[in-house]
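Undergrad: Enclosed is the structure file work_1.cif (mmCIF, C-alpha atoms (C1' of nucleotides)).
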```cif
data_data
#
loop_
_atom_site.label_atom_id
_atom_site.label_comp_id
_atom_site.auth_asym_id
_atom_site.auth_seq_id
_atom_site.Cartn_x
_atom_site.Cartn_y
_atom_site.Cartn_z
CA MET A 197 -34.62 -36.58 -5.80
CA THR A 198 -31.63 -35.98 -8.06
CA ASN A 199 -29.18 -33.14 -7.69
CA LYS A 200 -30.47 -31.52 -10.86
CA GLU A 201 -34.02 -31.54 -9.58
CA LYS A 202 -32.89 -30.09 -6.30
CA GLN A 203 -31.02 -27.30 -8.04
CA THR A 204 -33.91 -26.33 -10.28
CA GLU A 205 -36.39 -26.52 -7.46
CA GLU A 206 -34.17 -24.30 -5.38
CA LYS A 207 -33.84 -21.77 -8.18
CA ILE A 208 -37.60 -21.73 -8.61
CA ALA A 209 -38.22 -21.34 -4.89
CA GLU A 210 -35.78 -18.44 -4.62
CA ALA A 211 -37.28 -16.66 -7.62
CA ALA A 212 -40.84 -17.32 -6.48
CA ARG A 213 -40.03 -16.04 -3.03
CA GLU A 214 -38.77 -12.74 -4.39
CA VAL A 215 -41.64 -12.21 -6.80
CA PHE A 216 -44.38 -13.28 -4.43
CA ILE A 217 -43.07 -11.10 -1.62
CA GLU A 218 -42.83 -8.07 -3.85
CA LYS A 219 -46.04 -8.50 -5.80
CA GLY A 220 -48.27 -10.68 -3.64
CA MET A 221 -50.20 -13.71 -4.79
CA HIS A 222 -52.43 -11.80 -7.21
CA GLY A 223 -49.83 -9.42 -8.57
CA ALA A 224 -47.18 -12.08 -9.15
CA ARG A 225 -46.82 -13.54 -12.65
CA MET A 226 -45.62 -17.05 -13.38
CA GLN A 227 -43.70 -15.65 -16.36
CA GLU A 228 -41.74 -13.31 -14.11
CA ILE A 229 -40.89 -16.13 -11.73
CA ALA A 230 -39.75 -18.31 -14.62
CA ASP A 231 -37.61 -15.50 -16.06
CA LYS A 232 -36.00 -14.80 -12.72
CA ALA A 233 -35.27 -18.49 -12.23
CA GLY A 234 -33.81 -18.66 -15.74
CA ILE A 235 -36.13 -21.46 -16.82
CA ASN A 236 -39.22 -22.04 -18.84
CA LYS A 237 -42.68 -21.20 -17.62
CA SER A 238 -43.99 -24.72 -18.03
CA LEU A 239 -41.25 -26.06 -15.78
CA LEU A 240 -42.89 -24.25 -12.90
CA HIS A 241 -45.93 -26.41 -13.39
CA TYR A 242 -43.83 -29.50 -13.76
CA TYR A 243 -42.36 -28.88 -10.30
CA PHE A 244 -45.28 -27.32 -8.47
CA ARG A 245 -48.43 -28.17 -10.47
CA SER A 246 -50.11 -24.79 -9.91
CA LYS A 247 -49.45 -21.22 -8.91
CA GLU A 248 -51.51 -21.71 -5.76
CA LYS A 249 -49.41 -24.70 -4.67
CA LEU A 250 -46.18 -22.87 -5.41
CA PHE A 251 -47.39 -19.96 -3.37
CA ASP A 252 -48.43 -22.17 -0.48
CA TYR A 253 -45.02 -23.77 -0.40
CA ILE A 254 -43.24 -20.41 -0.31
CA PHE A 255 -45.57 -18.86 2.22
CA SER A 256 -45.29 -21.73 4.66
CA LYS A 257 -41.51 -21.59 4.49
CA ILE A 258 -41.51 -17.87 5.23
CA ILE A 259 -43.87 -18.22 8.18
CA GLY A 260 -41.70 -20.99 9.56
CA ARG A 261 -38.55 -18.92 9.30
CA ILE A 262 -40.09 -15.92 11.02
CA GLY A 263 -41.50 -18.06 13.80
CA ASN A 264 -38.13 -19.63 14.39
CA MET A 265 -36.41 -16.27 14.59
CA PHE A 266 -39.00 -15.20 17.09
CA THR A 267 -38.46 -18.26 19.25
CA GLU A 268 -34.69 -17.96 19.19
CA VAL A 269 -34.62 -14.33 20.19
CA MET A 270 -37.26 -14.63 22.85
CA THR A 271 -35.66 -17.52 24.66
CA GLU A 272 -32.19 -15.97 24.60
CA GLY A 273 -30.89 -13.14 26.72
CA VAL A 274 -31.27 -12.36 30.36
CA THR A 275 -33.08 -9.20 31.41
CA ILE A 276 -36.17 -7.88 29.67
CA GLU A 277 -34.15 -4.93 28.49
CA ASN A 278 -31.58 -7.16 26.83
CA LYS A 279 -34.23 -9.27 25.17
CA LEU A 280 -35.78 -6.08 23.90
CA LYS A 281 -32.48 -4.94 22.45
CA MET A 282 -31.89 -8.23 20.69
CA PHE A 283 -35.40 -8.47 19.39
CA VAL A 284 -35.51 -4.95 18.00
CA SER A 285 -32.08 -5.15 16.45
CA THR A 286 -32.61 -8.54 14.85
CA TYR A 287 -36.01 -7.75 13.41
CA ILE A 288 -35.10 -4.32 12.09
CA ASP A 289 -32.12 -5.85 10.30
CA THR A 290 -34.33 -8.55 8.79
CA LEU A 291 -36.95 -6.06 7.72
CA LEU A 292 -34.43 -3.70 6.17
CA LYS A 293 -33.21 -6.62 4.09
CA ASN A 294 -36.79 -7.66 3.26
CA PRO A 295 -38.81 -4.46 3.15
CA PHE A 296 -41.73 -6.06 1.33
CA LEU A 297 -42.18 -8.74 3.96
CA PRO A 298 -44.69 -7.00 6.25
CA ASN A 299 -47.06 -6.07 3.45
CA PHE A 300 -46.75 -9.50 1.98
CA ILE A 301 -47.78 -11.13 5.22
CA PHE A 302 -50.56 -8.64 5.93
CA ASN A 303 -51.96 -9.37 2.51
CA GLU A 304 -51.95 -13.06 2.74
CA ILE A 305 -53.40 -13.26 6.20
CA THR A 306 -56.17 -10.97 4.98
CA ARG A 307 -56.77 -13.10 1.90
CA ASN A 308 -56.85 -16.31 3.91
CA PRO A 309 -57.16 -15.74 7.67
CA GLU A 310 -57.90 -19.38 8.47
CA GLY A 311 -54.66 -20.54 6.93
CA ILE A 312 -52.46 -18.73 9.38
CA LEU A 313 -52.99 -20.86 12.46
CA LYS A 314 -52.59 -24.03 10.43
CA ARG A 315 -49.29 -22.78 9.10
CA PHE A 316 -47.98 -21.87 12.51
CA LYS A 317 -48.86 -25.31 13.73
CA SER A 318 -47.24 -27.09 10.81
CA ALA A 319 -44.13 -25.01 11.49
CA ASN A 320 -44.14 -26.29 15.06
CA ILE A 321 -44.54 -22.87 16.58
CA ASN A 322 -46.47 -22.68 19.81
CA PRO A 323 -47.09 -19.09 20.89
CA LYS A 324 -47.97 -20.05 24.45
CA GLU A 325 -44.49 -21.44 24.95
CA LEU A 326 -43.14 -17.97 24.31
CA PHE A 327 -45.85 -16.00 25.98
CA ILE A 328 -46.04 -17.56 29.42
CA PRO A 329 -42.34 -17.38 30.27
CA LEU A 330 -42.27 -13.80 29.05
CA GLU A 331 -45.16 -12.93 31.35
CA LYS A 332 -43.38 -14.56 34.27
CA GLN A 333 -40.25 -12.60 33.58
CA LEU A 334 -42.08 -9.29 33.31
CA ARG A 335 -43.64 -9.94 36.71
CA ALA A 336 -40.35 -11.09 38.19
CA GLU A 337 -38.71 -7.84 37.14
CA GLY A 338 -41.61 -5.90 38.63
CA TYR A 339 -43.35 -4.68 35.45
CA LYS A 340 -47.12 -4.89 35.79
CA VAL A 341 -47.82 -4.20 32.14
CA ASP A 342 -50.33 -6.39 30.28
CA THR A 343 -48.19 -8.89 28.40
CA ARG A 344 -50.30 -8.71 25.26
CA ASP A 345 -49.95 -4.92 25.21
CA PHE A 346 -46.25 -5.21 25.73
CA VAL A 347 -45.75 -7.69 22.89
CA LEU A 348 -48.12 -6.01 20.44
CA ASN A 349 -46.82 -2.49 21.10
CA LEU A 350 -43.29 -3.66 20.64
CA ILE A 351 -43.91 -5.50 17.38
CA SER A 352 -46.02 -2.59 16.14
CA MET A 353 -43.20 -0.13 16.60
CA VAL A 354 -40.72 -2.40 14.85
CA VAL A 355 -42.83 -3.48 11.90
CA PHE A 356 -45.18 -0.63 11.10
CA PRO A 357 -42.61 1.97 10.05
CA ILE A 358 -41.21 -0.49 7.52
CA ALA A 359 -44.62 -1.43 6.18
CA ALA A 360 -45.57 2.22 5.90
CA LYS A 361 -42.23 3.27 4.54
CA PRO A 362 -43.37 5.03 1.37
CA ILE A 363 -45.88 7.13 3.23
CA ALA A 364 -43.70 7.93 6.24
CA ASN A 365 -40.75 8.53 3.98
CA SER A 366 -42.57 11.06 1.87
CA LEU A 367 -44.21 12.82 4.82
CA LEU A 368 -41.29 12.94 7.24
CA PHE A 369 -38.27 12.94 4.94
CA ASP A 370 -39.54 14.42 1.66
CA GLY A 371 -38.86 11.12 -0.05
CA ASP A 372 -35.19 10.84 0.88
CA SER A 373 -34.84 7.04 1.14
CA LYS A 374 -31.33 7.11 2.56
CA ALA A 375 -32.40 9.44 5.36
CA TYR A 376 -35.30 7.18 6.12
CA LYS A 377 -33.15 4.09 6.30
CA ASN A 378 -30.77 5.87 8.67
CA TYR A 379 -33.70 6.93 10.77
CA ILE A 380 -34.96 3.35 10.96
CA ILE A 381 -31.54 2.28 12.21
CA THR A 382 -31.66 4.87 14.98
CA ARG A 383 -34.92 3.23 16.03
CA LYS A 384 -32.96 0.18 17.18
CA GLU A 385 -32.08 2.29 20.21
CA SER A 386 -35.00 4.65 20.44
CA ILE A 387 -37.62 1.90 20.53
CA VAL A 388 -35.84 0.28 23.47
CA THR A 389 -35.68 3.62 25.26
CA PHE A 390 -39.33 4.31 24.55
CA VAL A 391 -40.54 0.90 25.70
CA MET A 392 -38.35 0.82 28.79
CA GLY A 393 -39.65 4.25 29.71
CA ALA A 394 -43.20 3.00 29.39
CA LEU A 395 -42.39 -0.10 31.44
CA GLU A 396 -41.01 1.98 34.28
CA ALA A 397 -44.39 3.68 34.60
CA TYR A 398 -45.97 0.28 35.26
CA LYS A 399 -43.65 -0.57 38.12
CA MET B 253 -75.23 16.19 -13.89
CA THR B 254 -78.71 14.75 -13.51
CA ASN B 255 -80.01 13.20 -10.31
CA LYS B 256 -80.09 9.78 -11.89
CA GLU B 257 -76.43 10.01 -12.87
CA LYS B 258 -75.52 11.15 -9.42
CA GLN B 259 -77.36 8.24 -7.83
CA THR B 260 -75.74 5.63 -10.03
CA GLU B 261 -72.32 7.17 -9.66
CA GLU B 262 -72.76 7.14 -5.91
CA LYS B 263 -73.83 3.50 -5.88
CA ILE B 264 -70.82 2.58 -7.99
CA ALA B 265 -68.45 4.53 -5.79
CA GLU B 266 -69.77 2.90 -2.65
CA ALA B 267 -69.55 -0.59 -4.13
CA ALA B 268 -66.11 0.04 -5.58
CA ARG B 269 -64.89 1.37 -2.28
CA GLU B 270 -65.92 -1.79 -0.47
CA VAL B 271 -64.50 -4.17 -3.03
CA PHE B 272 -61.25 -2.32 -3.60
CA ILE B 273 -60.59 -1.98 0.12
CA GLU B 274 -61.22 -5.66 0.74
CA LYS B 275 -59.47 -7.09 -2.32
CA GLY B 276 -57.02 -4.41 -3.41
CA MET B 277 -56.54 -3.18 -6.96
CA HIS B 278 -55.37 -6.52 -8.36
CA GLY B 279 -57.77 -8.72 -6.46
CA ALA B 280 -60.87 -6.64 -7.15
CA ARG B 281 -63.14 -7.67 -10.02
CA MET B 282 -65.24 -5.26 -12.04
CA GLN B 283 -67.97 -7.88 -12.08
CA GLU B 284 -68.12 -7.95 -8.30
CA ILE B 285 -68.30 -4.17 -8.11
CA ALA B 286 -71.11 -4.15 -10.66
CA ASP B 287 -73.02 -6.85 -8.79
CA LYS B 288 -72.67 -5.02 -5.49
CA ALA B 289 -73.84 -1.78 -7.09
CA GLY B 290 -76.78 -3.62 -8.64
CA ILE B 291 -75.90 -2.55 -12.16
CA ASN B 292 -74.35 -3.90 -15.30
CA LYS B 293 -70.62 -4.28 -15.75
CA SER B 294 -70.49 -2.06 -18.80
CA LEU B 295 -72.02 0.80 -16.88
CA LEU B 296 -68.88 0.94 -14.81
CA HIS B 297 -66.97 1.77 -17.94
CA TYR B 298 -69.59 4.25 -19.02
CA TYR B 299 -69.06 6.18 -15.79
CA PHE B 300 -65.37 5.67 -15.13
CA ARG B 301 -63.82 4.53 -18.45
CA SER B 302 -61.42 2.04 -16.85
CA LYS B 303 -60.71 0.07 -13.72
CA GLU B 304 -57.58 2.11 -13.11
CA LYS B 305 -59.49 5.39 -13.25
CA LEU B 306 -62.20 4.08 -10.96
CA PHE B 307 -59.57 2.93 -8.53
CA ASP B 308 -57.78 6.26 -8.63
CA TYR B 309 -60.97 8.07 -7.86
CA ILE B 310 -61.75 5.88 -4.87
CA PHE B 311 -58.22 5.89 -3.52
CA SER B 312 -57.87 9.65 -3.65
CA LYS B 313 -61.13 10.10 -1.80
CA ILE B 314 -60.01 7.72 0.94
CA ILE B 315 -56.65 9.41 1.37
CA GLY B 316 -58.39 12.75 1.56
CA ARG B 317 -60.77 11.59 4.26
CA ILE B 318 -58.01 10.11 6.39
CA GLY B 319 -55.89 13.20 6.04
CA ASN B 320 -58.77 15.40 7.10
CA MET B 321 -59.48 13.27 10.16
CA PHE B 322 -55.84 13.53 11.04
CA THR B 323 -55.82 17.30 10.72
CA GLU B 324 -59.00 17.76 12.72
CA VAL B 325 -57.88 15.63 15.61
CA MET B 326 -54.40 17.04 15.77
CA THR B 327 -55.45 20.66 15.85
CA GLU B 328 -58.17 20.12 18.45
CA GLY B 329 -57.69 19.51 22.15
CA VAL B 330 -55.44 21.10 24.66
CA THR B 331 -52.79 19.04 26.38
CA ILE B 332 -50.74 16.37 24.64
CA GLU B 333 -52.47 13.77 26.75
CA ASN B 334 -55.92 14.90 25.58
CA LYS B 335 -54.85 14.98 21.97
CA LEU B 336 -53.53 11.47 22.44
CA LYS B 337 -56.84 10.31 23.86
CA MET B 338 -58.83 11.81 21.01
CA PHE B 339 -56.49 10.53 18.36
CA VAL B 340 -56.40 6.98 19.65
CA SER B 341 -60.12 6.79 20.25
CA THR B 342 -61.11 8.27 16.90
CA TYR B 343 -58.74 6.14 14.87
CA ILE B 344 -59.49 2.89 16.63
CA ASP B 345 -63.21 3.47 16.01
CA THR B 346 -62.57 4.16 12.35
CA LEU B 347 -60.36 1.13 11.96
CA LEU B 348 -62.82 -1.16 13.71
CA LYS B 349 -65.42 -0.03 11.19
CA ASN B 350 -62.97 -0.44 8.31
CA PRO B 351 -60.67 -3.28 9.25
CA PHE B 352 -59.35 -3.73 5.72
CA LEU B 353 -58.23 -0.13 5.46
CA PRO B 354 -54.64 -0.48 6.72
CA ASN B 355 -53.78 -3.35 4.41
CA PHE B 356 -55.41 -1.61 1.53
CA ILE B 357 -53.30 1.47 2.03
CA PHE B 358 -50.10 -0.48 2.65
CA ASN B 359 -50.68 -2.30 -0.61
CA GLU B 360 -51.33 0.65 -2.75
CA ILE B 361 -48.45 2.71 -1.44
CA THR B 362 -46.21 -0.27 -2.13
CA ARG B 363 -47.61 -0.71 -5.62
CA ASN B 364 -47.22 2.95 -6.44
CA PRO B 365 -45.04 4.84 -3.94
CA GLU B 366 -44.76 7.97 -6.09
CA GLY B 367 -48.49 8.41 -6.13
CA ILE B 368 -48.81 8.94 -2.42
CA LEU B 369 -47.26 12.39 -2.12
CA LYS B 370 -49.19 13.59 -5.13
CA ARG B 371 -52.43 12.43 -3.56
CA PHE B 372 -51.71 14.10 -0.25
CA LYS B 373 -51.02 17.32 -2.06
CA SER B 374 -54.17 17.15 -4.16
CA ALA B 375 -56.10 16.55 -0.94
CA ASN B 376 -54.58 19.76 0.44
CA ILE B 377 -52.81 18.00 3.28
CA ASN B 378 -49.55 19.49 4.40
CA PRO B 379 -47.80 17.31 6.96
CA LYS B 380 -45.50 20.10 8.12
CA GLU B 381 -48.49 22.13 9.24
CA LEU B 382 -49.31 19.34 11.68
CA PHE B 383 -45.81 18.40 12.61
CA ILE B 384 -44.26 21.69 13.64
CA PRO B 385 -46.99 22.79 16.08
CA LEU B 386 -46.95 19.32 17.61
CA GLU B 387 -43.21 19.55 18.14
CA LYS B 388 -43.61 22.95 19.78
CA GLN B 389 -46.27 21.64 22.10
CA LEU B 390 -44.20 18.62 23.11
CA ARG B 391 -41.33 20.91 24.04
CA ALA B 392 -43.65 23.34 25.82
CA GLU B 393 -44.94 20.52 27.99
CA GLY B 394 -41.40 19.44 28.71
CA TYR B 395 -41.21 16.22 26.70
CA LYS B 396 -37.87 15.90 24.95
CA VAL B 397 -38.88 12.93 22.81
CA ASP B 398 -38.05 12.97 19.09
CA THR B 399 -41.27 14.10 17.42
CA ARG B 400 -40.96 11.58 14.58
CA ASP B 401 -40.55 8.76 17.08
CA PHE B 402 -43.54 9.99 19.01
CA VAL B 403 -45.81 10.18 15.97
CA LEU B 404 -44.64 6.95 14.36
CA ASN B 405 -44.77 4.94 17.59
CA LEU B 406 -48.24 6.19 18.31
CA ILE B 407 -49.63 5.44 14.85
CA SER B 408 -47.88 2.07 14.89
CA MET B 409 -49.60 1.02 18.09
CA VAL B 410 -52.99 2.11 16.79
CA VAL B 411 -52.82 0.68 13.29
CA PHE B 412 -50.66 -2.42 13.44
CA PRO B 413 -52.89 -4.56 15.67
CA ILE B 414 -55.78 -4.00 13.26
CA ALA B 415 -53.70 -4.76 10.19
CA ALA B 416 -52.33 -7.88 11.84
CA LYS B 417 -55.66 -8.89 13.29
CA PRO B 418 -55.88 -12.43 11.89
CA ILE B 419 -52.43 -13.32 13.13
CA ALA B 420 -52.70 -11.65 16.53
CA ASN B 421 -56.19 -12.97 16.95
CA SER B 422 -55.19 -16.55 16.36
CA LEU B 423 -52.03 -16.34 18.46
CA LEU B 424 -53.34 -14.39 21.44
CA PHE B 425 -57.04 -15.27 21.51
CA ASP B 426 -57.26 -18.65 19.80
CA GLY B 427 -59.28 -17.11 17.01
CA ASP B 428 -62.02 -15.63 19.19
CA SER B 429 -62.90 -12.53 17.15
CA LYS B 430 -65.18 -11.02 19.75
CA ALA B 431 -62.50 -11.24 22.43
CA TYR B 432 -60.06 -9.61 20.06
CA LYS B 433 -62.40 -6.75 19.30
CA ASN B 434 -62.94 -6.16 23.01
CA TYR B 435 -59.22 -6.22 23.54
CA ILE B 436 -58.72 -3.60 20.80
CA ILE B 437 -61.23 -1.37 22.56
CA THR B 438 -59.30 -1.63 25.82
CA ARG B 439 -56.33 -0.34 23.87
CA LYS B 440 -58.01 3.05 23.60
CA GLU B 441 -56.92 3.50 27.18
CA SER B 442 -53.86 1.32 27.40
CA ILE B 443 -52.09 2.96 24.47
CA VAL B 444 -52.50 6.36 26.11
CA THR B 445 -51.13 4.98 29.38
CA PHE B 446 -48.23 3.33 27.59
CA VAL B 447 -47.27 6.41 25.59
CA MET B 448 -47.67 8.82 28.50
CA GLY B 449 -45.48 6.53 30.57
CA ALA B 450 -42.84 6.61 27.87
CA LEU B 451 -43.11 10.40 27.58
CA GLU B 452 -42.53 10.86 31.29
CA ALA B 453 -39.17 9.14 30.90
CA TYR B 454 -38.14 11.85 28.43
CA LYS B 455 -38.89 14.71 30.78
"C1'" DG C 38 -36.26 -32.82 -17.15
"C1'" DT C 39 -36.76 -29.18 -20.36
"C1'" DC C 40 -38.51 -27.07 -24.24
"C1'" DT C 41 -42.27 -25.12 -27.94
"C1'" DA C 42 -46.79 -24.74 -29.05
"C1'" DT C 43 -51.38 -24.46 -27.83
"C1'" DA C 44 -55.55 -24.93 -25.16
"C1'" DT C 45 -58.62 -22.84 -21.74
"C1'" DG C 46 -60.67 -19.53 -19.05
"C1'" DG C 47 -61.32 -15.16 -17.11
"C1'" DC C 48 -61.37 -10.36 -17.15
"C1'" DG C 49 -61.36 -5.58 -18.84
"C1'" DA C 50 -63.16 -3.17 -22.40
"C1'" DT C 51 -66.13 -1.97 -26.51
"C1'" DA C 52 -70.10 -2.10 -30.01
"C1'" DG C 53 -74.50 -1.44 -30.73
"C1'" DA C 54 -79.55 -2.01 -29.79
"C1'" DC C 55 -83.11 0.18 -27.09
"C1'" DG D 191 -78.38 5.94 -19.45
"C1'" DT D 192 -78.66 1.05 -19.38
"C1'" DC D 193 -78.58 -3.33 -21.27
"C1'" DT D 194 -76.80 -7.78 -24.11
"C1'" DA D 195 -73.42 -9.68 -26.72
"C1'" DT D 196 -68.88 -10.06 -27.91
"C1'" DC D 197 -64.06 -8.90 -28.67
"C1'" DG D 198 -59.24 -9.30 -27.51
"C1'" DC D 199 -55.83 -9.94 -24.34
"C1'" DC D 200 -53.23 -12.08 -21.00
"C1'" DA D 201 -52.17 -15.55 -17.55
"C1'" DT D 202 -52.50 -20.21 -16.01
"C1'" DA D 203 -52.23 -24.60 -17.40
"C1'" DT D 204 -51.54 -28.72 -20.54
"C1'" DA D 205 -49.91 -31.62 -24.66
"C1'" DG D 206 -46.44 -33.46 -26.79
"C1'" DA D 207 -41.76 -33.46 -29.03
"C1'" DC D 208 -37.01 -34.12 -27.78
#
```
Let me see the file written as structure tokens.

TA:
Amino acid sequence: MTNKEKQTEEKIAEAAREVFIEKGMHGARMQEIADKAGINKSLLHYYFRSKEKLFDYIFSKIIGRIGNMFTEVMTEGVTIENKLKMFVSTYIDTLLKNPFLPNFIFNEITRNPEGILKRFKSANINPKELFIPLEKQLRAEGYKVDTRDFVLNLISMVVFPIAAKPIANSLLFDGDSKAYKNYIITRKESIVTFVMGALEAYK
Amino acid sequence: MTNKEKQTEEKIAEAAREVFIEKGMHGARMQEIADKAGINKSLLHYYFRSKEKLFDYIFSKIIGRIGNMFTEVMTEGVTIENKLKMFVSTYIDTLLKNPFLPNFIFNEITRNPEGILKRFKSANINPKELFIPLEKQLRAEGYKVDTRDFVLNLISMVVFPIAAKPIANSLLFDGDSKAYKNYIITRKESIVTFVMGALEAYK
DNA sequence: GTCTATATGGCGATAGAC
DNA sequence: GTCTATCGCCATATAGAC
């Protein structure tokens, strides 16, 4: 592959990523992707044959990146509390930078539920490798909480308020986006406090 | 309005509700709605003029229903713990019956964030009326938790695992849907335990 | 490899008969 | 009020020149 090809492909991928994440597979328009990439519409097909294939390529890359972040954070750190802090902080930062990401992923897993496992596998992500050590550590530190509850509750609290931003923003902050963003940042601490409080009750 | 009109309109609304919730505004097809309602495509336009208007009608009704459920549950009950139990149980039941609902709402508020406040208002839902008494009650029972954190964390834990079902299901239960549904039902209790544990830490 | 022009198909919407 | 037939648009996709 020549340098020129690489450059164009990269431009397309970046543009497609933005448009797909914001609009979803159905809402996205090839014309908009082409415009954003500064190229012609037919070039998209030259590089990726079809919209579906372009989407697949982008989606798999995103899933891979998220999985990797997950793995890195979960294997780092020492105590549960410190892992919590890292996890919450890292993911809230990512989500603030990519506020459309949760909805995008919800959509696509709803549209094609079978595809998700396949994509995790092709990204070399094995959930059990993360889950079992985490369970061991929870027990070692004396927390008898169900590990699935722990993980799901944690991720829920991090992701949901970003996914539901427009609704929470309008109901809790009268539509003041800046206030909402600041509030989300305070959650980096408050989620840890909340979860650690809950964990104590399981001791 | 004649009986016949009412019947057809009702059939259309029911079909449209199902299709829109499952596919979203962009993904839904007028043809599919017509088929499901057992009528001709052009009748849809006779009754609702356009896809957009039909969608608006359905969406507003859904928002209204959810808001009403919310109000009912939040004003009933005595202690915080009992309100929690009712809320969690009621919403998990509703979401199990309508698993596409969270994604549907996430999508539409993302597509049209301005519309959401308007729709809450036209459904006569005033969030402050729910929020302020709840805050008072939390304080009265000695919980010094931030009320926004409390509400958002709670809703997150209820809604997110349903919205993320395909992903959580494949990662935690190897795709066994029945096991996942059973797990969600156990959350009716475990969420209450988790939240009450967290609340104790704020006393 | 990149462009212009055009084909192809699908979908929302309308016209008009009954 | 309900149907059949059809219009017109728009988005994906392809053909072909350069």

Undergrad: Tell me which of A:Ala319, A:Ala230, A:Gln203, A:Ser386 sits closest to Tyr253 (chain A), counting all atoms listed in the file.

TA: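 Counting all atoms listed in the file, the residue closest to Tyr253 (chain A) is A:Ala319.
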
Undergrad: Could the residues of chain A within 12 Å of chain C, counting only C-alpha atoms (C1' of nucleotides), be given as a ChimeraX atom specification, please?

TA: /A:198-205,234-243

Undergrad: Using all atoms listed in the file, which residues sit within 12 Å of region 269-277 of chain B once same-chain residues fewer than 6 positions away are excluded, as a compact mmCIF listing (two decimals) with C-alpha atoms, keeping the file's coordinate frame?

TA:
```
# COMPACT_ATOMS: atom_id res chain seq x y z
CA LYS A 219 -46.04 -8.50 -5.80
CA GLY A 220 -48.27 -10.68 -3.64
CA MET A 221 -50.20 -13.71 -4.79
CA HIS A 222 -52.43 -11.80 -7.21
CA GLY A 223 -49.83 -9.42 -8.57
CA ASN A 303 -51.96 -9.37 2.51
CA GLU A 304 -51.95 -13.06 2.74
CA THR A 306 -56.17 -10.97 4.98
CA ARG A 307 -56.77 -13.10 1.90
CA ASN A 308 -56.85 -16.31 3.91
CA GLU B 261 -72.32 7.17 -9.66
CA GLU B 262 -72.76 7.14 -5.91
CA LYS B 263 -73.83 3.50 -5.88
CA GLN B 283 -67.97 -7.88 -12.08
CA GLU B 284 -68.12 -7.95 -8.30
CA ILE B 285 -68.30 -4.17 -8.11
CA ALA B 286 -71.11 -4.15 -10.66
CA ASP B 287 -73.02 -6.85 -8.79
CA LYS B 288 -72.67 -5.02 -5.49
CA ALA B 289 -73.84 -1.78 -7.09
CA LYS B 303 -60.71 0.07 -13.72
CA GLU B 304 -57.58 2.11 -13.11
CA LYS B 305 -59.49 5.39 -13.25
CA LEU B 306 -62.20 4.08 -10.96
CA PHE B 307 -59.57 2.93 -8.53
CA ASP B 308 -57.78 6.26 -8.63
CA TYR B 309 -60.97 8.07 -7.86
CA ILE B 310 -61.75 5.88 -4.87
CA PHE B 311 -58.22 5.89 -3.52
CA SER B 312 -57.87 9.65 -3.65
CA LYS B 313 -61.13 10.10 -1.80
CA ILE B 314 -60.01 7.72 0.94
CA LYS B 349 -65.42 -0.03 11.19
CA ASN B 350 -62.97 -0.44 8.31
CA PRO B 351 -60.67 -3.28 9.25
CA PHE B 352 -59.35 -3.73 5.72
CA LEU B 353 -58.23 -0.13 5.46
CA PRO B 354 -54.64 -0.48 6.72
CA ASN B 355 -53.78 -3.35 4.41
CA PHE B 356 -55.41 -1.61 1.53
CA ILE B 357 -53.30 1.47 2.03
CA PHE B 358 -50.10 -0.48 2.65
CA ASN B 359 -50.68 -2.30 -0.61
CA GLU B 360 -51.33 0.65 -2.75
CA ILE B 361 -48.45 2.71 -1.44
CA THR B 362 -46.21 -0.27 -2.13
CA ARG B 363 -47.61 -0.71 -5.62
CA ASN B 364 -47.22 2.95 -6.44
```

Undergrad: If you apply the PyMOL selection byres ((chain B) within 8 of (chain A)) to this file, what residues do you get, as a PyMOL selection string?

TA: chain B and resi 275+278-279+352+355+358-359+361-363+365+368-369+379+400-401+404-405+408-409+412-413+415-416+418-419+422-424+439+442+446-454

Undergrad: Please identify every residue of chain D that has at least one atom no more than 12 Å from any atom of chain A, counting only C-alpha atoms (C1' of nucleotides), and report them as a VMD selection string.

TA: chain D and resid 200 to 205

Undergrad: So the first atom is CA of Arg371 (chain B) and the second is CA of Gly319 (chain B); what is the distance between them in Å, to one decimal place?

TA: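 Taking CA of Arg371 (chain B) as the start and CA of Gly319 (chain B) as the end point, the length is 10.2 Å.
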
Undergrad: Just to confirm, what's the straight-line distance from CA of Lys396 (chain B) to CA of Arg335 (chain A) in Å (one decimal)?

TA: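 Distance between the two atoms: 29.0 Å.
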
Undergrad: Missing atoms in region 338-343 of chain B: can you complete it with N, CA and C atoms, as a CSV table (one decimal), keeping the file's coordinate frame?

TA:
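Result file is result_15.csv:
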```csv
chain,number,residue,atom,x,y,z
B,338,MET,N,-57.9,11.6,22.2
B,338,MET,CA,-58.8,11.8,21.0
B,338,MET,C,-58.3,11.0,19.8
B,339,PHE,N,-57.1,11.2,19.5
B,339,PHE,CA,-56.5,10.5,18.4
B,339,PHE,C,-56.7,9.0,18.4
B,340,VAL,N,-56.3,8.4,19.5
B,340,VAL,CA,-56.4,7.0,19.6
B,340,VAL,C,-57.8,6.5,19.5
B,341,SER,N,-58.7,7.2,20.2
B,341,SER,CA,-60.1,6.8,20.2
B,341,SER,C,-60.8,6.9,18.9
B,342,THR,N,-60.5,8.0,18.2
B,342,THR,CA,-61.1,8.3,16.9
B,342,THR,C,-60.6,7.2,15.9
B,343,TYR,N,-59.3,7.0,15.9
B,343,TYR,CA,-58.7,6.1,14.9
B,343,TYR,C,-59.1,4.7,15.1
```
